[in-house]
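Peer 1: entry_13.txt is the file, holding compact mmCIF, C-alpha atoms:
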```
# COMPACT_ATOMS: atom_id res chain seq x y z
CA MET A 1 -15.17 -7.25 -1.61
CA GLY A 2 -17.72 -9.85 -2.73
CA THR A 3 -19.20 -12.92 -1.07
CA ILE A 4 -17.47 -16.31 -1.18
CA TYR A 5 -19.29 -19.62 -0.74
CA PRO A 6 -16.87 -22.35 0.46
CA SER A 7 -17.85 -26.00 0.28
CA ALA A 8 -17.99 -28.13 3.41
CA ALA A 9 -14.78 -29.89 2.32
CA VAL A 10 -12.92 -26.56 2.03
CA LEU A 11 -14.18 -25.47 5.46
CA ARG A 12 -12.92 -28.75 6.89
CA GLN A 13 -9.56 -28.92 5.10
CA LYS A 14 -8.60 -25.28 4.59
CA TYR A 15 -10.30 -23.33 7.34
CA ALA A 16 -7.21 -21.09 7.70
CA LEU A 17 -7.74 -19.96 4.09
CA VAL A 18 -11.40 -19.14 4.70
CA SER A 19 -10.50 -17.27 7.90
CA ALA A 20 -7.81 -15.27 6.09
CA LEU A 21 -10.21 -14.31 3.30
CA ARG A 22 -12.75 -13.17 5.86
CA ALA A 23 -10.09 -11.03 7.59
CA GLN A 24 -9.26 -9.45 4.22
CA GLY A 25 -12.83 -8.21 3.84
CA PHE A 26 -14.63 -10.99 1.96
CA GLU A 27 -18.07 -12.01 3.14
CA ILE A 28 -18.29 -15.76 3.76
CA GLY A 29 -21.68 -17.12 2.77
CA SER A 30 -23.44 -20.45 3.15
CA CYS A 31 -26.36 -22.05 1.37
CA GLU A 32 -28.32 -21.92 4.64
CA SER A 33 -27.86 -18.13 4.96
CA GLY A 34 -29.01 -17.25 1.44
CA LYS A 35 -28.85 -18.00 -2.25
CA PRO A 36 -25.64 -16.97 -4.07
CA ALA A 37 -25.97 -13.87 -6.26
CA SER A 38 -24.76 -13.60 -9.84
CA GLY A 39 -21.38 -12.14 -8.93
CA ASP A 40 -20.56 -14.31 -5.94
CA LEU A 41 -17.55 -16.65 -5.88
CA PHE A 42 -17.16 -20.30 -4.89
CA LEU A 43 -14.43 -22.31 -3.16
CA VAL A 44 -14.42 -26.07 -3.72
CA ALA A 45 -11.96 -28.84 -2.89
CA GLN A 46 -10.04 -30.78 -5.52
CA GLY A 47 -12.37 -33.39 -7.01
CA GLU A 48 -15.59 -31.47 -6.33
CA THR A 49 -17.67 -30.11 -9.21
CA PRO A 50 -17.42 -26.32 -9.63
CA PRO A 51 -20.90 -24.73 -9.32
CA VAL A 52 -19.99 -22.02 -11.87
CA ALA A 53 -16.55 -22.68 -13.36
CA ALA A 54 -15.78 -19.05 -14.26
CA ARG A 55 -16.37 -18.03 -10.64
CA THR A 56 -14.94 -21.02 -8.80
CA LEU A 57 -11.53 -21.47 -7.20
CA VAL A 58 -10.49 -25.11 -6.69
CA ILE A 59 -8.29 -25.76 -3.65
CA GLY A 60 -6.01 -28.79 -3.55
CA ASN A 61 -3.37 -30.37 -1.31
CA ASP A 62 -1.19 -32.17 -3.87
CA GLY A 63 2.00 -30.28 -4.74
CA CYS A 64 2.15 -26.55 -5.33
CA ALA A 65 0.28 -24.95 -8.21
CA ALA A 66 -1.36 -21.64 -9.13
CA VAL A 67 -3.61 -21.72 -12.20
CA PRO A 68 -5.56 -18.49 -12.86
CA PHE A 69 -9.06 -18.11 -14.27
CA ARG A 70 -8.94 -18.48 -18.05
CA ASP A 71 -11.49 -18.89 -20.88
CA GLY A 72 -14.33 -19.62 -18.49
CA SER A 73 -12.40 -22.31 -16.62
CA ALA A 74 -12.05 -22.51 -12.85
CA ALA A 75 -8.89 -21.27 -11.15
CA ARG A 76 -6.85 -23.67 -9.02
CA VAL A 77 -4.45 -23.32 -6.10
CA CYS A 78 -2.70 -26.29 -4.49
CA TYR A 79 -0.42 -26.00 -1.48
CA SER A 80 0.83 -27.91 1.53
CA PRO A 81 0.42 -26.64 5.13
CA GLU A 82 4.10 -25.59 5.13
CA GLU A 83 3.47 -23.21 2.22
CA ALA A 84 0.10 -21.90 3.36
CA ALA A 85 1.21 -18.22 3.32
CA THR A 86 2.04 -18.38 -0.40
CA GLY A 87 -1.02 -20.48 -1.20
CA ILE A 88 -3.37 -18.10 0.60
CA GLY A 89 -1.67 -15.22 -1.20
CA PHE A 90 -2.39 -16.74 -4.61
CA ALA A 91 -5.97 -17.61 -3.66
CA SER A 92 -6.64 -14.08 -2.47
CA ALA A 93 -5.06 -12.59 -5.59
CA PHE A 94 -7.32 -14.69 -7.84
CA LEU A 95 -10.48 -13.78 -5.95
CA ARG A 96 -10.14 -10.06 -5.32
CA GLY A 97 -10.22 -7.24 -7.87
CA PRO A 98 -6.98 -6.05 -9.50
CA SER A 99 -7.01 -2.68 -7.70
CA ALA A 100 -7.99 -3.97 -4.24
CA PRO A 101 -5.40 -3.52 -1.48
CA VAL A 102 -3.30 -6.53 -0.46
CA ALA A 103 -2.78 -7.34 3.21
CA ALA A 104 -2.02 -10.34 5.42
CA ASP A 105 -0.03 -8.85 8.31
CA PRO A 106 -2.30 -8.29 11.35
CA GLU A 107 -1.53 -4.56 11.58
CA SER A 108 -2.15 -4.09 7.86
CA LEU A 109 -5.47 -5.92 8.15
CA ALA A 110 -6.40 -3.64 11.05
CA LEU A 111 -5.55 -0.61 8.90
CA LEU A 112 -7.78 -1.86 6.07
CA ALA A 113 -10.62 -2.50 8.51
CA LEU A 114 -10.25 1.05 9.83
CA ALA A 115 -10.15 2.44 6.29
CA GLU A 116 -13.38 0.57 5.53
CA ARG A 117 -15.09 2.34 8.44
CA VAL A 118 -13.66 5.70 7.35
CA ALA A 119 -14.95 5.11 3.82
CA SER A 120 -18.55 5.08 5.03
CA ALA A 121 -18.16 8.56 6.55
CA ASP A 122 -17.82 11.39 4.04
CA ILE A 123 -14.88 13.07 5.78
CA THR A 124 -11.46 14.31 4.72
CA VAL A 125 -8.64 11.80 5.24
CA LEU A 126 -4.87 12.30 5.59
CA ILE A 127 -2.69 9.27 4.81
CA ASN A 128 0.91 9.45 6.03
CA GLY A 129 3.63 6.96 5.24
CA PRO A 130 6.94 6.37 3.45
CA THR A 131 7.08 6.47 -0.33
CA GLY A 132 5.99 3.25 -2.01
CA THR A 133 3.90 1.85 0.85
CA GLY A 134 0.52 1.88 -0.91
CA LYS A 135 -1.01 5.21 0.11
CA GLU A 136 -2.76 5.70 -3.24
CA VAL A 137 -4.04 2.10 -3.19
CA LEU A 138 -5.51 2.75 0.26
CA ALA A 139 -7.06 6.01 -0.95
CA ARG A 140 -8.67 4.24 -3.89
CA ALA A 141 -10.02 1.55 -1.54
CA ILE A 142 -11.63 4.28 0.58
CA HIS A 143 -13.23 5.73 -2.56
CA GLU A 144 -14.49 2.33 -3.72
CA GLY A 145 -15.96 1.63 -0.29
CA SER A 146 -17.78 4.96 -0.08
CA SER A 147 -21.09 6.28 -1.37
CA ARG A 148 -19.04 8.12 -4.02
CA ARG A 149 -17.83 4.90 -5.67
CA ASP A 150 -19.81 5.66 -8.85
CA GLY A 151 -18.25 9.13 -9.11
CA PRO A 152 -14.78 9.95 -10.46
CA PHE A 153 -11.55 9.21 -8.63
CA VAL A 154 -9.05 11.91 -9.64
CA ALA A 155 -5.43 11.68 -8.43
CA ILE A 156 -2.93 14.52 -8.70
CA ASN A 157 0.71 14.50 -7.58
CA CYS A 158 1.43 17.96 -6.18
CA ALA A 159 5.18 17.45 -6.66
CA ALA A 160 4.90 16.42 -10.32
CA LEU A 161 3.40 19.67 -11.67
CA PRO A 162 5.25 22.99 -12.04
CA GLU A 163 4.30 25.47 -9.33
CA SER A 164 3.10 27.94 -11.96
CA MET A 165 0.60 25.40 -13.32
CA LEU A 166 -0.61 23.82 -10.10
CA GLU A 167 -3.23 26.44 -9.26
CA ALA A 168 -4.78 26.31 -12.74
CA MET A 169 -4.72 22.50 -12.70
CA LEU A 170 -6.45 22.39 -9.33
CA PHE A 171 -9.04 25.13 -9.58
CA GLY A 172 -9.40 25.57 -13.35
CA HIS A 173 -9.09 28.72 -15.45
CA GLN A 174 -11.05 30.77 -17.93
CA LYS A 175 -10.07 31.49 -21.50
CA GLY A 176 -7.48 34.26 -21.66
CA ALA A 177 -6.79 34.15 -17.91
CA PHE A 178 -3.04 33.98 -18.60
CA THR A 179 -0.65 33.74 -21.52
CA GLY A 180 -1.33 30.58 -23.49
CA ALA A 181 -4.83 30.03 -22.07
CA SER A 182 -6.50 29.76 -25.48
CA SER A 183 -9.41 27.87 -23.91
CA GLY A 184 -10.87 27.34 -20.48
CA GLY A 185 -9.77 24.54 -18.16
CA GLN A 186 -12.02 22.58 -15.83
CA GLY A 187 -9.47 21.89 -13.10
CA PHE A 188 -9.17 18.79 -10.94
CA PHE A 189 -11.61 19.93 -8.27
CA ARG A 190 -14.46 20.34 -10.75
CA ALA A 191 -13.40 17.18 -12.61
CA ALA A 192 -13.79 15.24 -9.33
CA HIS A 193 -17.28 16.65 -8.63
CA GLY A 194 -19.38 13.92 -7.04
CA GLY A 195 -16.33 11.76 -6.38
CA THR A 196 -12.93 11.81 -4.68
CA LEU A 197 -9.86 13.99 -5.24
CA LEU A 198 -6.52 12.55 -4.13
CA LEU A 199 -3.83 15.14 -3.42
CA ASP A 200 -0.60 13.14 -3.32
CA GLU A 201 2.60 14.60 -1.81
CA ILE A 202 0.58 17.45 -0.31
CA ALA A 203 3.66 18.65 1.60
CA GLU A 204 5.11 19.90 -1.71
CA MET A 205 2.28 22.38 -2.25
CA PRO A 206 3.48 26.05 -2.15
CA LEU A 207 2.38 28.05 0.90
CA GLN A 208 0.46 30.66 -1.10
CA LEU A 209 -1.57 27.94 -2.78
CA GLN A 210 -2.29 26.25 0.53
CA ALA A 211 -4.47 29.23 1.52
CA LYS A 212 -6.65 28.80 -1.56
CA LEU A 213 -6.92 25.07 -0.96
CA LEU A 214 -8.00 25.75 2.62
CA ARG A 215 -10.79 28.01 1.40
CA ALA A 216 -11.95 25.40 -1.13
CA LEU A 217 -12.16 22.81 1.64
CA GLN A 218 -13.97 25.13 4.04
CA GLU A 219 -16.46 26.72 1.63
CA ARG A 220 -16.87 23.76 -0.76
CA GLU A 221 -16.38 26.08 -3.71
CA VAL A 222 -13.63 27.16 -6.10
CA VAL A 223 -12.95 30.31 -8.11
CA PRO A 224 -11.21 29.52 -11.43
CA ILE A 225 -8.26 31.69 -12.41
CA GLY A 226 -9.65 34.70 -14.29
CA GLY A 227 -13.12 34.18 -12.82
CA THR A 228 -15.02 36.25 -10.28
CA LEU A 229 -17.86 33.95 -9.24
CA PRO A 230 -17.30 30.89 -7.02
CA GLU A 231 -18.56 27.52 -8.23
CA LYS A 232 -19.90 24.94 -5.79
CA ILE A 233 -18.11 21.58 -5.65
CA ASP A 234 -19.06 18.27 -4.08
CA VAL A 235 -15.72 16.53 -3.59
CA ARG A 236 -14.18 14.34 -0.94
CA VAL A 237 -10.49 15.13 -0.48
CA ILE A 238 -7.90 12.54 0.52
CA ALA A 239 -4.39 13.90 1.04
CA CYS A 240 -1.18 11.84 1.16
CA ALA A 241 2.20 12.82 2.59
CA ASN A 242 5.52 11.03 2.86
CA ARG A 243 6.84 13.60 5.33
CA ASP A 244 5.68 14.39 8.86
CA LEU A 245 3.21 17.24 8.29
CA GLN A 246 3.30 18.26 11.94
CA GLY A 247 7.04 18.74 11.57
CA GLU A 248 6.43 20.72 8.37
CA VAL A 249 4.01 22.95 10.29
CA GLU A 250 6.59 23.55 13.03
CA ALA A 251 9.19 24.40 10.38
CA GLY A 252 6.84 26.94 8.79
CA ARG A 253 6.56 25.06 5.50
CA PHE A 254 2.93 24.00 5.91
CA ARG A 255 -0.07 25.93 7.21
CA ALA A 256 -1.32 24.72 10.57
CA ASP A 257 -4.95 25.53 9.73
CA LEU A 258 -4.74 23.49 6.52
CA TYR A 259 -3.12 20.60 8.38
CA TYR A 260 -6.01 20.41 10.84
CA ARG A 261 -8.54 20.73 8.02
CA LEU A 262 -6.95 17.78 6.18
CA SER A 263 -6.29 15.61 9.23
CA VAL A 264 -9.91 14.98 10.14
CA PHE A 265 -9.06 11.29 10.19
CA PRO A 266 -5.36 10.39 9.86
CA LEU A 267 -4.20 6.97 8.66
CA THR A 268 -0.60 5.74 8.49
CA THR A 269 0.98 3.15 6.22
CA ARG A 270 4.15 1.45 7.42
CA ALA A 271 7.37 0.51 5.70
CA LEU A 272 7.29 -2.96 4.12
CA ALA A 273 10.13 -4.20 6.36
CA GLU A 274 7.90 -3.53 9.38
CA ARG A 275 5.08 -5.76 8.07
CA PRO A 276 6.77 -8.99 6.93
CA GLY A 277 3.44 -10.83 7.02
CA ASP A 278 2.37 -8.90 3.91
CA ILE A 279 5.32 -10.06 1.80
CA PRO A 280 3.97 -13.51 0.69
CA ALA A 281 0.58 -12.00 -0.20
CA LEU A 282 2.11 -9.07 -2.07
CA ALA A 283 4.59 -11.29 -3.92
CA ALA A 284 1.81 -13.67 -5.00
CA ALA A 285 -0.37 -10.77 -6.13
CA MET A 286 2.50 -9.39 -8.22
CA ILE A 287 3.18 -12.78 -9.81
CA VAL A 288 -0.49 -12.86 -10.80
CA ARG A 289 -0.35 -9.28 -12.10
CA HIS A 290 2.81 -9.72 -14.15
CA GLY A 291 2.44 -13.40 -15.04
CA GLY A 292 1.97 -12.55 -18.70
CA GLY A 293 -1.18 -14.56 -19.24
CA ARG A 294 0.52 -17.89 -18.49
CA ALA A 295 -1.67 -20.97 -18.17
CA ALA A 296 0.10 -21.81 -14.89
CA LEU A 297 2.04 -19.35 -12.76
CA PRO A 298 5.46 -20.09 -11.24
CA TRP A 299 5.29 -20.97 -7.55
CA LEU A 300 7.24 -18.91 -5.04
CA ALA A 301 9.61 -21.48 -3.52
CA PRO A 302 10.37 -21.39 0.24
CA GLY A 303 13.96 -20.28 -0.40
CA ALA A 304 12.80 -17.33 -2.50
CA LEU A 305 10.26 -16.34 0.12
CA ALA A 306 12.97 -16.49 2.80
CA GLU A 307 15.12 -14.13 0.72
CA LEU A 308 12.21 -11.71 0.33
CA THR A 309 11.32 -11.81 4.02
CA ALA A 310 14.91 -11.19 5.13
CA HIS A 311 15.39 -8.13 2.90
CA ASP A 312 15.04 -4.64 4.41
CA TRP A 313 13.11 -3.09 1.46
CA PRO A 314 14.36 0.51 1.31
CA GLY A 315 12.14 0.96 -1.77
CA ASN A 316 9.13 -0.65 -0.07
CA VAL A 317 6.39 -2.23 -2.24
CA ARG A 318 7.69 -0.63 -5.44
CA GLU A 319 11.03 -2.33 -4.94
CA LEU A 320 9.29 -5.65 -4.28
CA GLU A 321 7.40 -5.30 -7.56
CA ASN A 322 10.70 -4.74 -9.40
CA VAL A 323 12.21 -7.84 -7.79
CA ILE A 324 9.22 -10.00 -8.72
CA GLN A 325 9.25 -8.79 -12.32
CA ARG A 326 12.95 -9.69 -12.60
CA ALA A 327 12.29 -13.10 -11.07
CA LEU A 328 9.53 -13.81 -13.59
CA LEU A 329 12.00 -13.16 -16.40
CA LEU A 330 14.74 -15.33 -14.90
CA ALA A 331 12.75 -18.22 -13.46
CA PRO A 332 11.56 -21.32 -15.31
CA ALA A 333 7.85 -21.87 -15.80
CA ASP A 334 7.26 -23.90 -12.63
CA ALA A 335 8.99 -22.11 -9.74
CA ILE A 336 10.82 -18.99 -8.57
CA GLY A 337 13.81 -20.00 -6.48
CA ALA A 338 16.20 -18.07 -4.26
CA GLU A 339 18.65 -17.79 -7.17
CA HIS A 340 16.08 -15.79 -9.14
CA ILE A 341 15.72 -13.09 -6.46
CA LEU A 342 17.91 -10.11 -7.36
CA PHE A 343 17.80 -6.96 -5.23
CA ASP A 344 18.72 -3.44 -6.23
CA ARG A 345 22.35 -2.55 -5.56
CA ARG A 346 22.65 -0.16 -2.64
CA PRO A 347 25.56 2.32 -2.43
CA GLU A 348 27.55 2.34 0.79
CA ASN A 349 26.82 5.92 1.82
CA ARG A 350 27.44 7.13 5.37
CA VAL A 351 24.55 8.52 7.36
CA GLU A 352 24.43 10.69 10.43
CA ALA A 353 23.52 9.02 13.73
CA GLY A 354 19.85 9.51 14.50
CA ALA A 355 18.63 9.60 10.91
CA LYS A 356 15.23 7.93 10.44
CA LEU A 357 15.35 4.66 8.53
CA SER A 358 12.22 5.58 6.60
CA ASN A 359 14.17 8.44 5.01
CA ILE A 360 17.29 6.43 4.22
CA VAL A 361 17.00 5.23 0.65
CA GLN A 362 19.59 2.79 -0.66
CA MET A 363 22.05 3.35 2.23
CA SER A 364 23.61 0.85 4.61
CA GLU A 365 21.05 0.12 7.34
CA PHE A 366 23.52 -1.83 9.45
CA HIS A 367 25.86 1.16 9.51
CA ALA A 368 22.98 3.44 10.49
CA ILE A 369 21.94 1.13 13.32
CA ARG A 370 25.54 0.73 14.54
CA GLU A 371 26.18 4.49 14.68
CA THR A 372 22.84 5.22 16.34
CA LEU A 373 23.25 2.43 18.88
CA ALA A 374 26.69 3.81 19.76
CA ALA A 375 25.29 7.34 20.09
CA CYS A 376 22.61 5.97 22.45
CA ASN A 377 25.15 4.09 24.59
CA GLY A 378 23.65 0.75 23.59
CA SER A 379 20.06 1.61 24.50
CA ARG A 380 17.78 -0.24 22.08
CA ILE A 381 14.72 1.72 23.16
CA GLU A 382 16.36 5.05 22.38
CA THR A 383 17.91 3.66 19.18
CA ALA A 384 14.53 2.52 17.90
CA ARG A 385 13.00 5.88 18.78
CA ARG A 386 15.69 7.84 16.93
CA LEU A 387 15.50 5.60 13.87
CA GLY A 388 11.72 5.87 13.74
CA ILE A 389 11.08 2.14 13.99
CA SER A 390 9.58 -0.18 16.61
CA GLU A 391 11.72 -2.15 19.05
CA ARG A 392 10.42 -5.31 17.38
CA THR A 393 11.72 -4.13 14.00
CA LEU A 394 15.08 -3.21 15.55
CA ARG A 395 15.40 -6.70 17.08
CA TYR A 396 14.54 -8.24 13.71
CA ARG A 397 17.23 -6.23 11.92
CA LEU A 398 19.85 -6.93 14.58
CA ALA A 399 19.09 -10.64 14.20
CA LYS A 400 19.43 -10.32 10.43
CA ALA A 401 22.84 -8.64 10.85
CA ARG A 402 23.92 -11.40 13.23
CA GLU A 403 22.94 -14.06 10.67
CA GLN A 404 25.20 -12.32 8.16
CA GLY A 405 28.14 -12.34 10.56
CA ASP A 406 27.74 -8.76 11.85
CA ASP A 407 26.85 -8.99 15.55
CA ILE A 408 26.17 -5.28 16.10
CA ALA A 409 24.70 -5.67 19.59
CA ARG A 410 27.66 -7.70 20.93
CA ALA A 411 30.13 -5.24 19.42
CA MET A 412 28.40 -2.40 21.24
CA SER A 413 28.53 -4.19 24.59
CA ALA A 414 32.16 -5.27 24.19
```
Using structure tokens, write down the structure that the file contains.
Peer 2:
Amino acid sequence: MGTIYPSAAVLRQKYALVSALRAQGFEIGSCESGKPASGDLFLVAQGETPPVAARTLVIGNDGCAAVPFRDGSAARVCYSPEEAATGIGFASAFLRGPSAPVAADPESLALLALAERVASADITVLINGPTGTGKEVLARAIHEGSSRRDGPFVAINCAALPESMLEAMLFGHQKGAFTGASSGGQGFFRAAHGGTLLLDEIAEMPLQLQAKLLRALQEREVVPIGGTLPEKIDVRVIACANRDLQGEVEAGRFRADLYYRLSVFPLTTRALAERPGDIPALAAAMIVRHGGGRAALPWLAPGALAELTAHDWPGNVRELENVIQRALLLAPADAIGAEHILFDRRPENRVEAGAKLSNIVQMSEFHAIRETLAACNGSRIETARRLGISERTLRYRLAKAREQGDDIARAMSA
């Protein structure tokens, strides 16, 4: 993140914005502390003269508006105190880089702060979390915050490649090493030399290949298929998993020694429904990303934001991106309303009591909660534990069911 220089008027009128930007990782500078550098950004209030238009965000109080940087002109965000979450989301989206992680929820901000500290230490990282919760974005942020930022960032999905090809793709091969190898292959490890290698969905890696990966991590060298001499590598490995690797170890599907080699520093991303504070910031960032080069972006109306916040997001951030893209197609130029928010249809499939909500994709969450609550004799603590969510999240979803006329808790106590 860069340094932002807010004017005195912005500090006085929109201190919450400045505080939020600081929490997201921006440095907040002042003319007394030093002279702005060539890449630094500026925040000024409506009516003030932008110091450098192409790097200045104008903040206003009249109405609601989000105007991105364009043709060397300043960007502009206007919002009332009641719509500060959306306004801060747009401001942050304009100021940060396109690949930077988005966070506003306190726990998500704490995770990013921890990831920033991890980035400075050249250690292996394991990121756990449900599918679609931003594990690769977090991995890229760790790479960008590390001393390896100028090296390559190579990402490979272990579940997307055929098992027969995975070894050659990882470690490389020599010409003639197998049928069809008409030329040698570098392999992802050597391609990532001096940088970071992301191994996504590491739980899908075959057991026999896990042993070779373990050796590569321990010895910092690889032997290409068909080769006899090891080649030294200088690579930082970040592994991602959407399943509990400790459970995979206990089931015999993942090597314990490899697990402990990967889990030098574990991080965990949470389901989107468990971090509602991120939703306005993520929605604003996606409007900016998919706005289609519009001169002014449609504002996210309070009714639309309420719809987004109340949803349970089985598809996590990926589902939110789909919803925002649909809304941009349906909404007029000035605003996205509640009527423009269309969610994916979810089939009414039955689930067994005790199933974890993070593994239930497009099923009825209310039915899952009802069956689990009944199996736990009405105990919310045990229900939350079995479903793999916090008690706070369970209370939130019970309240949501009650608002829709389904008072699950009262039915259980009747």
Peer 1: Return the single residue from A:Ser147, A:Ser379, A:Thr133, A:Gln218 that is closest to Glu116 of chain A, with distances computed using all atoms listed in the file.
Peer 2: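 The shortest atom-to-atom distance to Glu116 of chain A comes from A:Ser147.
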Peer 1: Could you name the residues that touch Asp334 of chain A at 7 Å or less, counting all atoms listed in the file, but leaving out those on the same chain fewer than 5 positions away, as a list in words?
Peer 2: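 Contacts, with the query itself left out: Leu297, Pro298 and Trp299 of chain A.
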Peer 1: If we count only C-alpha atoms and set the cut-off at 7 Å, which residues sit around His143 of chain A, ignoring sequence neighbours fewer than 6 positions away in its own chain? Please answer as an NGL selection string.
Peer 2: :A and (119 or 149 or 196)
Peer 1: For the selection you just gave me, I'd like the residues written to a file as a PDB file, in the frame of the given file, keeping C-alpha atoms.
Peer 2:
```pdb
ATOM      1  CA  ALA A 119     -14.950   5.110   3.820  1.00  0.00           C
ATOM      2  CA  ARG A 149     -17.830   4.900  -5.670  1.00  0.00           C
ATOM      3  CA  THR A 196     -12.930  11.810  -4.680  1.00  0.00           C
TER       4      THR A 196
END
```
Peer 1: Looking at all atoms listed in the file, which of A:Asp200, A:Lys400, A:Glu167, A:His193 is the one that sits closest to Ala273 of chain A?
Peer 2: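 Using all atoms listed in the file, Ala273 of chain A sits closest to A:Lys400.
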Peer 1: Taking all atoms listed in the file into account, which of A:Val137, A:Leu126, A:Leu267, A:Ala251 comes nearest Leu111 of chain A?
Peer 2: A:Leu267
Peer 1: What residues have an atom no more than 12 Å from (-1.4, -10.8, -5.3) in the file's own frame, counting all atoms listed in the file, and can you write them as number ranges by chain?
Peer 2: A: 66, 68, 85-104, 278-291, 297, 300, 317, 320-321, 324
Peer 1: Kindly export the residues of the current selection with C-alpha atoms, as a PDB file, in the frame of the given file.
Peer 2:
```pdb
ATOM      1  CA  ALA A  66      -1.360 -21.640  -9.130  1.00  0.00           C
ATOM      2  CA  PRO A  68      -5.560 -18.490 -12.860  1.00  0.00           C
ATOM      3  CA  ALA A  85       1.210 -18.220   3.320  1.00  0.00           C
ATOM      4  CA  THR A  86       2.040 -18.380  -0.400  1.00  0.00           C
ATOM      5  CA  GLY A  87      -1.020 -20.480  -1.200  1.00  0.00           C
ATOM      6  CA  ILE A  88      -3.370 -18.100   0.600  1.00  0.00           C
ATOM      7  CA  GLY A  89      -1.670 -15.220  -1.200  1.00  0.00           C
ATOM      8  CA  PHE A  90      -2.390 -16.740  -4.610  1.00  0.00           C
ATOM      9  CA  ALA A  91      -5.970 -17.610  -3.660  1.00  0.00           C
ATOM     10  CA  SER A  92      -6.640 -14.080  -2.470  1.00  0.00           C
ATOM     11  CA  ALA A  93      -5.060 -12.590  -5.590  1.00  0.00           C
ATOM     12  CA  PHE A  94      -7.320 -14.690  -7.840  1.00  0.00           C
ATOM     13  CA  LEU A  95     -10.480 -13.780  -5.950  1.00  0.00           C
ATOM     14  CA  ARG A  96     -10.140 -10.060  -5.320  1.00  0.00           C
ATOM     15  CA  GLY A  97     -10.220  -7.240  -7.870  1.00  0.00           C
ATOM     16  CA  PRO A  98      -6.980  -6.050  -9.500  1.00  0.00           C
ATOM     17  CA  SER A  99      -7.010  -2.680  -7.700  1.00  0.00           C
ATOM     18  CA  ALA A 100      -7.990  -3.970  -4.240  1.00  0.00           C
ATOM     19  CA  PRO A 101      -5.400  -3.520  -1.480  1.00  0.00           C
ATOM     20  CA  VAL A 102      -3.300  -6.530  -0.460  1.00  0.00           C
ATOM     21  CA  ALA A 103      -2.780  -7.340   3.210  1.00  0.00           C
ATOM     22  CA  ALA A 104      -2.020 -10.340   5.420  1.00  0.00           C
ATOM     23  CA  ASP A 278       2.370  -8.900   3.910  1.00  0.00           C
ATOM     24  CA  ILE A 279       5.320 -10.060   1.800  1.00  0.00           C
ATOM     25  CA  PRO A 280       3.970 -13.510   0.690  1.00  0.00           C
ATOM     26  CA  ALA A 281       0.580 -12.000  -0.200  1.00  0.00           C
ATOM     27  CA  LEU A 282       2.110  -9.070  -2.070  1.00  0.00           C
ATOM     28  CA  ALA A 283       4.590 -11.290  -3.920  1.00  0.00           C
ATOM     29  CA  ALA A 284       1.810 -13.670  -5.000  1.00  0.00           C
ATOM     30  CA  ALA A 285      -0.370 -10.770  -6.130  1.00  0.00           C
ATOM     31  CA  MET A 286       2.500  -9.390  -8.220  1.00  0.00           C
ATOM     32  CA  ILE A 287       3.180 -12.780  -9.810  1.00  0.00           C
ATOM     33  CA  VAL A 288      -0.490 -12.860 -10.800  1.00  0.00           C
ATOM     34  CA  ARG A 289      -0.350  -9.280 -12.100  1.00  0.00           C
ATOM     35  CA  HIS A 290       2.810  -9.720 -14.150  1.00  0.00           C
ATOM     36  CA  GLY A 291       2.440 -13.400 -15.040  1.00  0.00           C
ATOM     37  CA  LEU A 297       2.040 -19.350 -12.760  1.00  0.00           C
ATOM     38  CA  LEU A 300       7.240 -18.910  -5.040  1.00  0.00           C
ATOM     39  CA  VAL A 317       6.390  -2.230  -2.240  1.00  0.00           C
ATOM     40  CA  LEU A 320       9.290  -5.650  -4.280  1.00  0.00           C
ATOM     41  CA  GLU A 321       7.400  -5.300  -7.560  1.00  0.00           C
ATOM     42  CA  ILE A 324       9.220 -10.000  -8.720  1.00  0.00           C
TER      43      ILE A 324
END
```
Peer 1: With a distance cut-off of 9 Å and all atoms listed in the file, select the neighbouring residues of Gly187 of chain A, excluding the residue or stretch itself and same-chain residues fewer than 3 positions from it, and output the selection as an mmCIF file with C-alpha atoms, in the coordinates of the input.
Peer 2:
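selection_22.cif written:
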```cif
data_model
loop_
_atom_site.group_PDB
_atom_site.id
_atom_site.type_symbol
_atom_site.label_atom_id
_atom_site.label_comp_id
_atom_site.auth_asym_id
_atom_site.auth_seq_id
_atom_site.Cartn_x
_atom_site.Cartn_y
_atom_site.Cartn_z
ATOM 1 C CA GLU A 167 -3.230 26.440 -9.260
ATOM 2 C CA ALA A 168 -4.780 26.310 -12.740
ATOM 3 C CA MET A 169 -4.720 22.500 -12.700
ATOM 4 C CA LEU A 170 -6.450 22.390 -9.330
ATOM 5 C CA PHE A 171 -9.040 25.130 -9.580
ATOM 6 C CA GLY A 172 -9.400 25.570 -13.350
ATOM 7 C CA HIS A 173 -9.090 28.720 -15.450
ATOM 8 C CA ARG A 190 -14.460 20.340 -10.750
ATOM 9 C CA ALA A 191 -13.400 17.180 -12.610
ATOM 10 C CA ALA A 192 -13.790 15.240 -9.330
ATOM 11 C CA PRO A 224 -11.210 29.520 -11.430
#
```
Peer 1: For Ala306 of chain A, which residue among A:Pro106, A:Pro332, A:Gly277, A:Gly134 is the nearest when counting only C-alpha atoms?
Peer 2: A:Gly277
Peer 1: One decimal, in Å: what's the spacing between atom CA of Gly129 of chain A and atom CA of Leu213 of chain A?
Peer 2: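 Those two atoms sit 21.9 Å apart.
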Peer 1: From the set A:Ala74, A:Ala155, A:Leu373, A:Leu109, which residue has the shortest atom-to-atom contact distance to Leu387 of chain A, counting only C-alpha atoms?
Peer 2: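 Checking each candidate against Leu387 of chain A, we get A:Leu373 as the closest.
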Peer 1: Identify which of the residues A:Arg275, A:His367, A:Arg255, A:Arg270 lies closest to Gly388 of chain A, counting only C-alpha atoms when measuring atom-to-atom distances.
Peer 2: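 Between A:Arg275, A:His367, A:Arg255, A:Arg270, the residue approaching Gly388 of chain A most closely is A:Arg270.
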